[in-house]
file model.cif (mmCIF, C-alpha atoms)
data_target
loop_
_atom_site.group_PDB
_atom_site.id
_atom_site.type_symbol
_atom_site.label_atom_id
_atom_site.label_comp_id
_atom_site.auth_asym_id
_atom_site.auth_seq_id
_atom_site.Cartn_x
_atom_site.Cartn_y
_atom_site.Cartn_z
ATOM 1 C CA MET A 67 -3.892 23.488 19.409
ATOM 2 C CA VAL A 68 -4.369 20.233 17.495
ATOM 3 C CA SER A 69 -2.396 17.358 18.987
ATOM 4 C CA PHE A 70 0.051 15.425 16.840
ATOM 5 C CA ILE A 71 -2.008 12.241 17.017
ATOM 6 C CA GLU A 72 -5.165 14.103 15.915
ATOM 7 C CA LYS A 73 -3.216 15.447 12.931
ATOM 8 C CA ALA A 74 -1.768 11.999 12.137
ATOM 9 C CA ARG A 75 -5.213 10.378 12.185
ATOM 10 C CA LYS A 76 -6.121 12.535 9.164
ATOM 11 C CA TRP A 77 -3.211 11.211 7.072
ATOM 12 C CA GLN A 78 -4.278 8.705 4.469
ATOM 13 C CA LEU A 79 -3.225 5.138 5.223
ATOM 14 C CA LYS A 80 -0.655 3.691 2.843
ATOM 15 C CA TYR A 81 -1.368 -0.013 3.123
ATOM 16 C CA ASP A 82 1.803 -1.137 1.365
ATOM 17 C CA ILE A 83 3.948 0.785 3.869
ATOM 18 C CA VAL A 84 1.920 -0.457 6.827
ATOM 19 C CA SER A 85 2.307 -4.028 5.570
ATOM 20 C CA ASP A 86 6.083 -3.627 5.186
ATOM 21 C CA VAL A 87 6.452 -2.226 8.717
ATOM 22 C CA GLU A 88 4.258 -4.971 10.186
ATOM 23 C CA LYS A 89 6.316 -7.610 8.386
ATOM 24 C CA VAL A 90 9.670 -6.211 9.581
ATOM 25 C CA TYR A 91 8.513 -5.793 13.200
ATOM 26 C CA GLY A 92 6.420 -8.971 13.290
ATOM 27 C CA CYS A 93 3.231 -7.422 14.594
ATOM 28 C CA GLU A 94 -0.090 -5.889 13.689
ATOM 29 C CA LEU A 95 0.103 -2.163 14.291
ATOM 30 C CA PRO A 96 -2.663 -0.213 16.051
ATOM 31 C CA ASP A 97 -4.546 2.257 13.840
ATOM 32 C CA ASP A 98 -2.760 5.350 15.193
ATOM 33 C CA ILE A 99 0.650 3.837 14.415
ATOM 34 C CA LYS A 100 -0.545 2.871 10.924
ATOM 35 C CA HIS A 101 -1.312 6.531 10.280
ATOM 36 C CA ILE A 102 2.041 7.716 11.637
ATOM 37 C CA VAL A 103 4.079 5.327 9.465
ATOM 38 C CA SER A 104 1.962 6.403 6.472
ATOM 39 C CA CYS A 105 3.172 9.985 6.877
ATOM 40 C CA LYS A 106 4.889 11.690 3.993
ATOM 41 C CA ASN A 107 8.644 11.501 4.542
ATOM 42 C CA ASP A 108 10.266 13.731 7.133
ATOM 43 C CA GLU A 109 7.157 15.553 8.342
ATOM 44 C CA PHE A 110 8.259 18.108 10.938
ATOM 45 C CA ILE A 111 5.941 18.319 13.921
ATOM 46 C CA SER A 112 7.856 21.131 15.590
ATOM 47 C CA LYS A 113 11.389 22.437 15.539
ATOM 48 C CA TRP A 114 12.147 19.648 18.027
ATOM 49 C CA ALA A 115 10.541 16.637 16.348
ATOM 50 C CA ARG A 116 10.029 15.007 12.963
ATOM 51 C CA VAL A 117 8.386 11.830 11.755
ATOM 52 C CA LEU A 118 10.921 9.273 10.566
ATOM 53 C CA SER A 119 10.915 8.339 6.910
ATOM 54 C CA VAL A 120 9.707 4.891 5.893
ATOM 55 C CA GLU A 121 13.291 3.892 5.103
ATOM 56 C CA GLU A 122 14.437 4.977 8.577
ATOM 57 C CA ILE A 123 11.659 2.959 10.212
ATOM 58 C CA LEU A 124 12.284 -0.154 8.118
ATOM 59 C CA SER A 125 16.083 0.003 8.475
ATOM 60 C CA ALA A 126 16.316 1.392 12.018
ATOM 61 C CA ASN A 127 18.442 -1.485 13.332
ATOM 62 C CA GLU A 128 21.153 -0.800 10.756
ATOM 63 C CA ILE A 129 20.894 2.992 10.656
ATOM 64 C CA MET A 130 20.755 3.594 14.416
ATOM 65 C CA GLN A 131 22.711 0.534 15.530
ATOM 66 C CA ILE A 132 20.006 -0.456 18.051
ATOM 67 C CA ASP A 133 18.042 -3.715 17.988
ATOM 68 C CA PHE A 134 14.597 -2.120 17.708
ATOM 69 C CA ILE A 135 13.143 -5.355 16.316
ATOM 70 C CA GLY A 136 14.476 -7.457 19.204
ATOM 71 C CA LYS A 137 13.295 -4.868 21.721
ATOM 72 C CA LYS A 138 9.849 -4.886 20.053
ATOM 73 C CA LEU A 139 10.022 -1.124 19.455
ATOM 74 C CA VAL A 140 8.876 0.591 16.266
ATOM 75 C CA PRO A 141 10.745 3.917 15.945
ATOM 76 C CA LEU A 142 8.450 6.759 14.880
ATOM 77 C CA LEU A 143 9.845 10.211 15.682
ATOM 78 C CA ASP A 144 13.265 11.813 15.898
ATOM 79 C CA ILE A 145 13.241 14.235 18.847
ATOM 80 C CA LEU A 146 16.898 15.331 18.519
ATOM 81 C CA ASP A 147 20.019 14.656 20.608
ATOM 82 C CA ASN A 148 19.956 10.940 19.676
ATOM 83 C CA ASP A 149 16.496 10.611 21.242
ATOM 84 C CA PHE A 150 13.595 8.956 19.482
ATOM 85 C CA ILE A 151 9.977 8.134 20.235
ATOM 86 C CA ALA A 152 9.031 4.545 19.487
ATOM 87 C CA TYR A 153 5.948 2.402 19.919
ATOM 88 C CA ASP A 154 6.464 -0.430 22.412
ATOM 89 C CA ILE A 155 4.626 -3.338 20.777
ATOM 90 C CA GLU A 156 4.658 -5.552 23.861
ATOM 91 C CA HIS A 157 3.464 -2.951 26.400
ATOM 92 C CA LYS A 158 1.239 -1.017 23.957
ATOM 93 C CA LYS A 159 2.621 2.410 24.812
ATOM 94 C CA TYR A 160 5.005 5.023 23.485
ATOM 95 C CA VAL A 161 8.551 5.292 24.793
ATOM 96 C CA SER A 162 11.399 7.754 24.483
ATOM 97 C CA ILE A 163 14.718 6.050 23.816
ATOM 98 C CA ASN A 164 18.255 7.396 23.631
ATOM 99 C CA ILE A 165 20.198 5.438 21.017
ATOM 100 C CA VAL A 166 23.650 6.344 22.348
ATOM 101 C CA GLU A 167 22.922 5.016 25.823
ATOM 102 C CA ASP A 168 20.520 2.366 24.438
ATOM 103 C CA MET A 169 17.999 3.146 27.153
ATOM 104 C CA VAL A 170 14.326 3.982 27.478
ATOM 105 C CA PHE A 171 13.970 7.092 29.626
ATOM 106 C CA ASP A 172 10.262 7.910 29.462
ATOM 107 C CA SER A 173 6.955 6.325 28.470
ATOM 108 C CA SER A 174 3.315 7.250 28.026
ATOM 109 C CA GLU A 175 0.097 5.942 26.535
ATOM 110 C CA ASN A 176 -0.198 9.294 24.708
ATOM 111 C CA ILE A 177 2.516 10.149 22.176
ATOM 112 C CA ASP A 178 1.830 13.862 22.618
ATOM 113 C CA ASP A 179 3.115 13.639 26.212
ATOM 114 C CA LEU A 180 6.582 12.681 24.895
ATOM 115 C CA ILE A 181 6.956 15.193 22.058
ATOM 116 C CA PRO A 182 9.080 18.192 23.077
ATOM 117 C CA GLN A 183 7.030 21.371 22.817
ATOM 118 C CA ASP A 184 8.074 24.670 21.283
ATOM 119 C CA ILE A 185 8.606 27.244 23.985
#

call {"tool": "encode", "arguments": {"input": "model.cif", "output": "structure tokens"}}
result
Amino acid sequence: MVSFIEKARKWQLKYDIVSDVEKVYGCELPDDIKHIVSCKNDEFISKWARVLSVEEILSANEIMQIDFIGKKLVPLLDILDNDFIAYDIEHKKYVSINIVEDMVFDSSENIDDLIPQDI
């Protein structure tokens, strides 16, 4: 089975989107994250996860009522039940965050480790 990140690496970079995300989050994104944010809107990875749209990523603070920018987290995937996978800019890893409890509950250097799998 092809991992999500292997699939994402094949998506064409959209430099205008990457630039907008980097400007909003005040960072230079790693290549893998550049590919993820360049995804066509609402790409479903499984029945448990989808890639956030560009608008959701750029407006996450307002939409989800969490200070992603202040926390230095770039939201990437919706994994249901108010849980999201984000890229932690400061620690250079992926984290799972619950937006209701405003808490990180898991982390990994590999995004595929955090994506719920179809059973």

call {"tool": "closest_residue", "arguments": {"input": "model.cif", "among": "A:Glu121, A:Glu156, A:Glu109, A:Asp144", "to": "Gly92 (chain A)", "atoms": "all atoms listed in the file"}}
result
A:Glu156

call {"tool": "residues_around", "arguments": {"input": "model.cif", "residues": "His157 (chain A)", "least_positions_apart": "5", "cutoff": "12 Å", "atoms": "all atoms listed in the file", "output": "list of chain:residue names"}}
result
A:Lys137, A:Lys138, A:Leu139, A:Ala152, A:Ser173, A:Ser174, A:Glu175

call {"tool": "closest_residue", "arguments": {"input": "model.cif", "among": "A:Asp98, A:Asp147, A:Ala74, A:Ile83", "to": "Ser119 (chain A)", "atoms": "all atoms listed in the file"}}
result
A:Ile83

call {"tool": "residues_around", "arguments": {"input": "model.cif", "residues": "Val170 (chain A)", "least_positions_apart": "6", "cutoff": "12 Å", "atoms": "only C-alpha atoms", "output": "list in words"}}
result
Ile132, Phe134, Lys137, Leu139, Asn148, Asp149, Phe150, Ile151, Ala152, Tyr153, Asp154, Tyr160, Val161, Ser162, Ile163, Asn164 and Leu180 of chain A

call {"tool": "closest_residue", "arguments": {"input": "model.cif", "among": "A:Ile155, A:Glu167, A:Leu143, A:Gln78", "to": "Val120 (chain A)", "atoms": "only C-alpha atoms"}}
result
A:Leu143

call {"tool": "closest_residue", "arguments": {"input": "model.cif", "among": "A:Ile99, A:Ser112, A:Asp82, A:Ile129", "to": "Asn176 (chain A)", "atoms": "only C-alpha atoms"}}
result
A:Ile99

call {"tool": "resolve_selection", "arguments": {"input": "model.cif", "expression": "the PyMOL selection byres ((chain A and resi 102) around 9)", "output": "list in words"}}
result
Ile71, Ala74, Arg75, Trp77, Leu79, Asp97, Asp98, Ile99, Lys100, His101, Val103, Ser104, Cys105, Val117 and Leu142 of chain A

call {"tool": "atom_distance", "arguments": {"input": "model.cif", "atom1": "CA of Ile135 (chain A)", "atom2": "CA of Val166 (chain A)"}}
result
16.8 Å

call {"tool": "resolve_selection", "arguments": {"input": "model.cif", "expression": "the PyMOL selection byres ((chain A and resi 114) around 9)", "output": "PyMOL selection string"}}
result
chain A and resi 110-113+115-116+144-146+181-184

call {"tool": "atom_distance", "arguments": {"input": "model.cif", "atom1": "CA of Lys89 (chain A)", "atom2": "CA of Leu118 (chain A)"}}
result
17.6 Å

call {"tool": "atom_distance", "arguments": {"input": "model.cif", "atom1": "CA of Phe70 (chain A)", "atom2": "CA of Asp168 (chain A)"}}
result
25.4 Å

call {"tool": "residues_around", "arguments": {"input": "model.cif", "residues": "region 85-87 of chain A", "least_positions_apart": "4", "cutoff": "7 Å", "atoms": "all atoms listed in the file", "output": "JSON list (two decimals) with C-alpha atoms, in the coordinates of the input"}}
result
[["chain", "number", "residue", "atom", "x", "y", "z"],
["A", 81, "TYR", "CA", -1.37, -0.01, 3.12],
["A", 91, "TYR", "CA", 8.51, -5.79, 13.20],
["A", 124, "LEU", "CA", 12.28, -0.15, 8.12]]

call {"tool": "closest_residue", "arguments": {"input": "model.cif", "among": "A:Val90, A:Lys106, A:Lys76, A:Ile165", "to": "Gly136 (chain A)", "atoms": "all atoms listed in the file"}}
result
A:Val90

call {"tool": "axis_aligned_box", "arguments": {"input": "model.cif", "around": "region 76-89 of chain A", "padding_each_side": "6 Å", "output": "lines of an AutoDock Vina configuration file"}}
result
center_x = 0.2
center_y = 2.5
center_z = 5.8
size_x = 24.6
size_y = 32.1
size_z = 20.8

call {"tool": "build_atoms", "arguments": {"input": "model.cif", "residues": "region 127-140 of chain A", "atoms": "N, CA and C atoms", "output": "compact mmCIF listing (two decimals), keeping the file's coordinate frame"}}
result
# COMPACT_ATOMS: atom_id res chain seq x y z
N ASN A 127 17.38 -0.70 12.69
CA ASN A 127 18.44 -1.48 13.33
C ASN A 127 19.81 -1.15 12.75
N GLU A 128 19.88 -1.08 11.42
CA GLU A 128 21.15 -0.80 10.76
C GLU A 128 21.55 0.67 10.87
N ILE A 129 20.60 1.56 10.66
CA ILE A 129 20.89 2.99 10.66
C ILE A 129 21.29 3.49 12.05
N MET A 130 20.54 3.06 13.06
CA MET A 130 20.76 3.59 14.42
C MET A 130 21.58 2.67 15.31
N GLN A 131 21.90 1.49 14.78
CA GLN A 131 22.71 0.53 15.53
C GLN A 131 22.09 0.14 16.88
N ILE A 132 20.78 -0.01 16.88
CA ILE A 132 20.01 -0.46 18.05
C ILE A 132 19.08 -1.57 17.57
N ASP A 133 18.91 -2.61 18.37
CA ASP A 133 18.04 -3.72 17.99
C ASP A 133 16.57 -3.40 18.30
N PHE A 134 15.99 -2.48 17.51
CA PHE A 134 14.60 -2.12 17.71
C PHE A 134 13.69 -3.34 17.55
N ILE A 135 13.98 -4.18 16.57
CA ILE A 135 13.14 -5.36 16.32
C ILE A 135 13.17 -6.29 17.51
N GLY A 136 14.35 -6.59 18.03
CA GLY A 136 14.48 -7.46 19.20
C GLY A 136 13.84 -6.87 20.45
N LYS A 137 13.89 -5.55 20.56
CA LYS A 137 13.30 -4.87 21.72
C LYS A 137 11.79 -4.67 21.55
N LYS A 138 11.27 -5.06 20.38
CA LYS A 138 9.85 -4.89 20.05
C LYS A 138 9.42 -3.42 20.12
N LEU A 139 10.28 -2.56 19.53
CA LEU A 139 10.02 -1.12 19.45
C LEU A 139 10.00 -0.69 18.00
N VAL A 140 8.96 0.04 17.61
CA VAL A 140 8.88 0.59 16.27
C VAL A 140 9.22 2.08 16.37
